[in-house]
Every structure is written in structure tokens, then in C-alpha cells.
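J.: Please read through the structure below; I'll follow up with questions.
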Amino acid sequence: MVTSRRYTLGLMFETLQRACGPQRWWPADTPTEVAVGAVLTQNTSWKSVETAVAAMKAAGLLDFRRVDAISESDLADVIRPTGTYRVKAKRLKALARWVCRRAGGSIERALEGELSELRRQLLTIRGIGPETADAILLYAGRHPTFVVDAYTRRVLRRHAFIGADADYKAIQARFETALPRSVEVFNEFHALLVEIGKRHCRTRARCEGCPLESWPHDSTAA
DNA sequence: GACCAGGCACATC
DNA sequence: GATGTGCATGGT
């Protein structure tokens with residue numbers, strides 16, 4: 001017999017996990033690379049970010065002390081492929097300044113402490129908004145905070161979990177109250193949402209074959 | 001050639 | 001406090 005199950009975020013997580021398997025995110029080797037990538041990916045495709053991260057690695061710049069020391073325009077030249085490179089050079093240097101002041105250039109040590117206080121501090125850095133702060137805290141600092149990005153928004157909107165006008169805090173609260181406050185769960189769920197978003201949730205046509213294809217859809221969501 | 005991509009800050013009302 | 005706009009390259 002068929003039993004109806006309630007469509008919850010918990011069920012969505014299980015469904016995506018079963019369908020997609022482990023994602024092993026964030027796609028970076030070190031906490032420094034995570035934090036740099038989090039800034040570079042702002043309003044930019046991940047492929048461009050990979051190019052720029054590789055260029056930074058080649059230039060020995062995956063080190064916040066080096067980022068702190070290099071000139072803004074020289075850094076901008078290195079990260080040019082990500083677009084908005086002058087803006088991002090400024091932002092990376094602001095982050096590097098914070099990491100150097102706080103922990104001598106070690107992002108691991110800079111991210112030690114209490115989550116809400118760290119988040120508050122990160123948000124005071126020019127160029128670090130809620131999403132970038134949460135990505136750094138979760139993926140580089142292993143703090144349990146949920147990252148709300150464009151894909152997260154899109155998938156939740158399409159399946160009528162949120163309205164068109166839901167803001168960052170409200171969406172984040174949905175996840176953080178519905179799920180166990182766990183780094184592993186938040187990490188994996190966000191990664192799965194990005195995967196599903198990329199594969200199936202950009203255009204209406206791509207719903208076919210999506211693990212959530214049979215779920216309720218909001219027909220007004222693009 | 002338009003449009004979008006894992007945002008954010010700043011100006012203006 | 002809500003809304004609009006600049007940032008800028010690379011892929012589709």
C-alpha cells in the first residue's frame with residue numbers, strides 16, 4: 001500500500017542523498033582555498049573560479065600573508081578570469097587583513113571560537129556578506145551554519161518551500177530548525193542542492209529525471 | 001549579441 | 001527599509 005509522507009526538508013535531504021550519493025564538498029583542498037573560493041565565486045560561475053584559484057596557487061597566493069602583502073592591482077591581475085576582479089581583489093585583501101590580524105595568517109586559527117561571534121566579525125569585513133560568511137564558517141571552519149545560495153533559493157522556491165520574497169535569514173532558519181544542527185548534514189545538504197540546481201533546476205524543462213520530479217511544484221517559480 | 005553565473009556595497013528614494 | 005545599479009569576465 002502507498003503511505004503518503006509529508007514533504008519536509010528532512011525528506012528532501014534523504015531523497016537527494018539516496019539519488020546523488022555523497023558529494024564531498026567544498027571542492028577545495030585547504031581551508032584557505034575554501035575561503036578564497038568563497039569570495040571569488042560571488043556572482044560568478046565555478047569554472048571561472050577554478051581558473052583563478054589555480055592562478056593564485058601558481059603565484060603562491062593561497063596564503064593570506066602573501067595576499068595581505070601583495071598590491072591590490074597585482075592581485076587583481078591574477079584573478080582576472082573571475083570577473084569583477086578589482087572588487088574581488090579588494091575583498092580578498094580585506095579578508096587577508098582580518099586573518100593576519102586575528103591569527104597571523106592562519107584561517108584555521110582565525111576561525112576558532114564561537115560561531116555567532118565569528119559570523120558577526122566576518123560580516124564586518126567589506127565584501128563578506130551572509131552567504132560568503134556562512135560558506136567560510138561551514139566549509140573552512142566546520143561550524144554548523146547553513147549556506148543559502150542561488151541554487152538553494154531556486155530549488156526551495158520551485159518546490160514551494162518558500163515564497164519569492166523570502167530573505168536570507170528566513171531561509172536559513174527553515175533549514176536550521178528542520179534539521180539536526182550538524183556540520184555534516186549542512187555541508188552535504190547544501191552540496192546536494194547545488195548539484196540538483198545545476199542539473200535540473202535552471203529551466204523548467206530540466207525537471208525530468210530530477211529526484212524531486214514527483215514533488216509538489218510551484219508553477220509560478222521560474 | 002544577449003544573458004547568466006554558488007553576491008555585495010552603495011546611492012537613492 | 002526597500003529598490004536599483006555597478007562590478008566585469010567567460011561560457012552558452
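We name chains A, B, ... following the order of the C-alpha cells; residues begin at 1 in each chain, and ligands are numbered from 1 as shown.
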With only C-alpha atoms (C1' of nucleotides) considered, list every residue of chain A at most 6 Å from chain B, as a list in words.

T.: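 For chain A, the answer reads Gln42, Asn43, Thr44, Ser45, Gly127 and Asp149 of chain A.
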
J.: May I have the residues from that selection written out with N, CA and C atoms, as a short mmCIF file (atom, residue, chain, number, x, y, z; two decimals), in the first residue's frame?

T.:
data_model
loop_
_atom_site.label_atom_id
_atom_site.label_comp_id
_atom_site.auth_asym_id
_atom_site.auth_seq_id
_atom_site.Cartn_x
_atom_site.Cartn_y
_atom_site.Cartn_z
N GLN A 42 31.57 34.84 -5.93
CA GLN A 42 30.45 35.78 -5.86
C GLN A 42 30.00 36.19 -7.25
N ASN A 43 28.76 35.89 -7.55
CA ASN A 43 28.15 36.24 -8.85
C ASN A 43 28.97 35.73 -10.03
N THR A 44 29.54 34.57 -9.90
CA THR A 44 30.47 34.03 -10.89
C THR A 44 30.32 32.51 -10.98
N SER A 45 30.49 31.96 -12.17
CA SER A 45 30.39 30.51 -12.32
C SER A 45 31.62 29.84 -11.69
N GLY A 127 32.89 43.22 1.84
CA GLY A 127 32.88 42.22 0.79
C GLY A 127 32.47 40.85 1.26
N ASP A 149 22.38 29.82 -0.95
CA ASP A 149 22.86 30.44 -2.18
C ASP A 149 21.76 30.43 -3.24
#

J.: Within range 61-103 of chain A, find each residue whose DSSP state, derived from the backbone, is alpha helix (DSSP H), and express the selection as a PyMOL selection string.

T.: chain A and resi 64-69+72-78+85-103

J.: Counting only C-alpha atoms (C1' of nucleotides), what is within 7 Å of range 181-197 of chain A, bar same-chain residues fewer than 2 positions away, as a list of chain:residue names?

T.: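 Contacts, in chain order: A:Phe13, A:Leu16, A:Gln23, A:Trp25, A:Leu138, A:Arg142, A:His143, A:Pro144, A:Phe146, A:Val147, A:Tyr151, A:Thr152, A:Val155, A:Glu176, A:Leu179, A:Arg199, A:His200, A:Cys201, A:Arg202.
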
J.: Could those selected residues go to a file with C-alpha atoms, as a PDB file, in the first residue's frame?

T.:
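To be explicit, this is the file written out as out-v4.pdb:
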ATOM      1  CA  PHE A  13      17.697  15.583   2.193  1.00  0.00           C
ATOM      2  CA  LEU A  16      18.701  13.696  -2.632  1.00  0.00           C
ATOM      3  CA  GLN A  23      29.145  14.998  -2.701  1.00  0.00           C
ATOM      4  CA  TRP A  25      32.198  19.291  -0.671  1.00  0.00           C
ATOM      5  CA  LEU A 138      30.841  25.910   7.393  1.00  0.00           C
ATOM      6  CA  ARG A 142      33.435  23.467  10.261  1.00  0.00           C
ATOM      7  CA  HIS A 143      30.846  25.487  12.154  1.00  0.00           C
ATOM      8  CA  PRO A 144      27.214  24.383  11.826  1.00  0.00           C
ATOM      9  CA  PHE A 146      23.556  26.716   6.696  1.00  0.00           C
ATOM     10  CA  VAL A 147      24.679  28.326   3.427  1.00  0.00           C
ATOM     11  CA  TYR A 151      20.634  27.242  -6.028  1.00  0.00           C
ATOM     12  CA  THR A 152      19.242  26.715  -2.541  1.00  0.00           C
ATOM     13  CA  VAL A 155      15.165  24.636  -5.508  1.00  0.00           C
ATOM     14  CA  GLU A 176      18.423  25.188  10.913  1.00  0.00           C
ATOM     15  CA  LEU A 179      17.460  19.625  10.616  1.00  0.00           C
ATOM     16  CA  ARG A 199      21.462  19.632 -13.224  1.00  0.00           C
ATOM     17  CA  HIS A 200      17.724  20.139 -13.021  1.00  0.00           C
ATOM     18  CA  CYS A 201      16.560  23.412 -11.618  1.00  0.00           C
ATOM     19  CA  ARG A 202      17.742  26.078 -14.024  1.00  0.00           C
TER      20      ARG A 202
END

J.: For Glu114 in chain A, find every residue with an atom within 12 Å (counting only C-alpha atoms (C1' of nucleotides)), except residues of its own chain fewer than 3 positions away, and show them as a PyMOL selection string.

T.: chain A and resi 110-111+117-121+137+141-145

J.: Can those selected residues be exported to a file as a JSON list (two decimals), in the first residue's frame so that it contains C-alpha atoms?

T.:
[["chain", "number", "residue", "atom", "x", "y", "z"],
["A", 110, "ALA", "CA", 41.15, 32.64, 12.82],
["A", 111, "LEU", "CA", 38.01, 30.53, 12.63],
["A", 117, "GLU", "CA", 30.66, 35.92, 17.29],
["A", 118, "LEU", "CA", 32.81, 34.75, 14.36],
["A", 119, "ARG", "CA", 29.93, 35.34, 11.98],
["A", 120, "ARG", "CA", 29.40, 38.83, 13.37],
["A", 121, "GLN", "CA", 33.07, 39.60, 12.84],
["A", 137, "LEU", "CA", 32.30, 29.23, 8.52],
["A", 141, "GLY", "CA", 35.77, 26.45, 9.88],
["A", 142, "ARG", "CA", 33.43, 23.47, 10.26],
["A", 143, "HIS", "CA", 30.85, 25.49, 12.15],
["A", 144, "PRO", "CA", 27.21, 24.38, 11.83],
["A", 145, "THR", "CA", 25.64, 27.23, 9.84]]

J.: Please report as CSV every residue of chain C lying within 8 Å of chain A, along with the nearest atom pair and their distance in Å (one decimal), using only C-alpha atoms (C1' of nucleotides).

T.:
residue,atom,partner,partner_atom,distance
C:DC7,C1',A:Thr84,CA,5.1
C:DA8,C1',A:Gly83,CA,4.5
C:DT9,C1',A:Gly83,CA,4.1
C:DG10,C1',A:Ser48,CA,7.0

J.: Would you put the residues from that selection into a file with N, CA and C atoms (P, O5', C5', C4', C3', O3' and C1' of nucleotides), as a PDB file, in the first residue's frame?

T.:
ATOM      1  P    DC C   7      31.057  50.147 -13.120  1.00  0.00           P
ATOM      2  O5'  DC C   7      31.622  48.802 -12.487  1.00  0.00           O
ATOM      3  C5'  DC C   7      32.191  48.822 -11.179  1.00  0.00           C
ATOM      4  C4'  DC C   7      32.327  47.398 -10.694  1.00  0.00           C
ATOM      5  C3'  DC C   7      33.014  46.443 -11.688  1.00  0.00           C
ATOM      6  O3'  DC C   7      34.057  45.793 -10.994  1.00  0.00           O
ATOM      7  C1'  DC C   7      31.101  45.467 -10.780  1.00  0.00           C
ATOM      8  P    DA C   8      35.516  45.806 -11.584  1.00  0.00           P
ATOM      9  O5'  DA C   8      35.375  44.666 -12.687  1.00  0.00           O
ATOM     10  C5'  DA C   8      35.269  44.948 -14.045  1.00  0.00           C
ATOM     11  C4'  DA C   8      35.271  43.620 -14.748  1.00  0.00           C
ATOM     12  C3'  DA C   8      35.163  43.720 -16.254  1.00  0.00           C
ATOM     13  O3'  DA C   8      35.840  42.605 -16.788  1.00  0.00           O
ATOM     14  C1'  DA C   8      33.349  42.510 -15.449  1.00  0.00           C
ATOM     15  P    DT C   9      36.455  42.592 -18.277  1.00  0.00           P
ATOM     16  O5'  DT C   9      36.931  41.075 -18.434  1.00  0.00           O
ATOM     17  C5'  DT C   9      37.606  40.437 -17.348  1.00  0.00           C
ATOM     18  C4'  DT C   9      37.077  39.011 -17.211  1.00  0.00           C
ATOM     19  C3'  DT C   9      37.051  38.236 -18.525  1.00  0.00           C
ATOM     20  O3'  DT C   9      37.814  37.057 -18.342  1.00  0.00           O
ATOM     21  C1'  DT C   9      34.960  38.058 -17.410  1.00  0.00           C
ATOM     22  P    DG C  10      38.239  36.167 -19.629  1.00  0.00           P
ATOM     23  O5'  DG C  10      37.135  35.010 -19.619  1.00  0.00           O
ATOM     24  C5'  DG C  10      37.011  34.185 -18.485  1.00  0.00           C
ATOM     25  C4'  DG C  10      35.877  33.215 -18.689  1.00  0.00           C
ATOM     26  C3'  DG C  10      35.843  32.570 -20.073  1.00  0.00           C
ATOM     27  O3'  DG C  10      35.397  31.231 -19.901  1.00  0.00           O
ATOM     28  C1'  DG C  10      33.828  33.691 -19.708  1.00  0.00           C
TER      29       DG C  10
END

J.: Work out how far CA of Thr15 in chain A is from CA of Ala170 in chain A, in Å to one decimal.

T.: 23.0 Å

J.: What is the distance, in Å and to one decimal place, between CA of Glu108 in chain A and CA of Asp63 in chain A?

T.: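 Spanning CA of Glu108 in chain A to CA of Asp63 in chain A is a straight-line distance of 11.8 Å.
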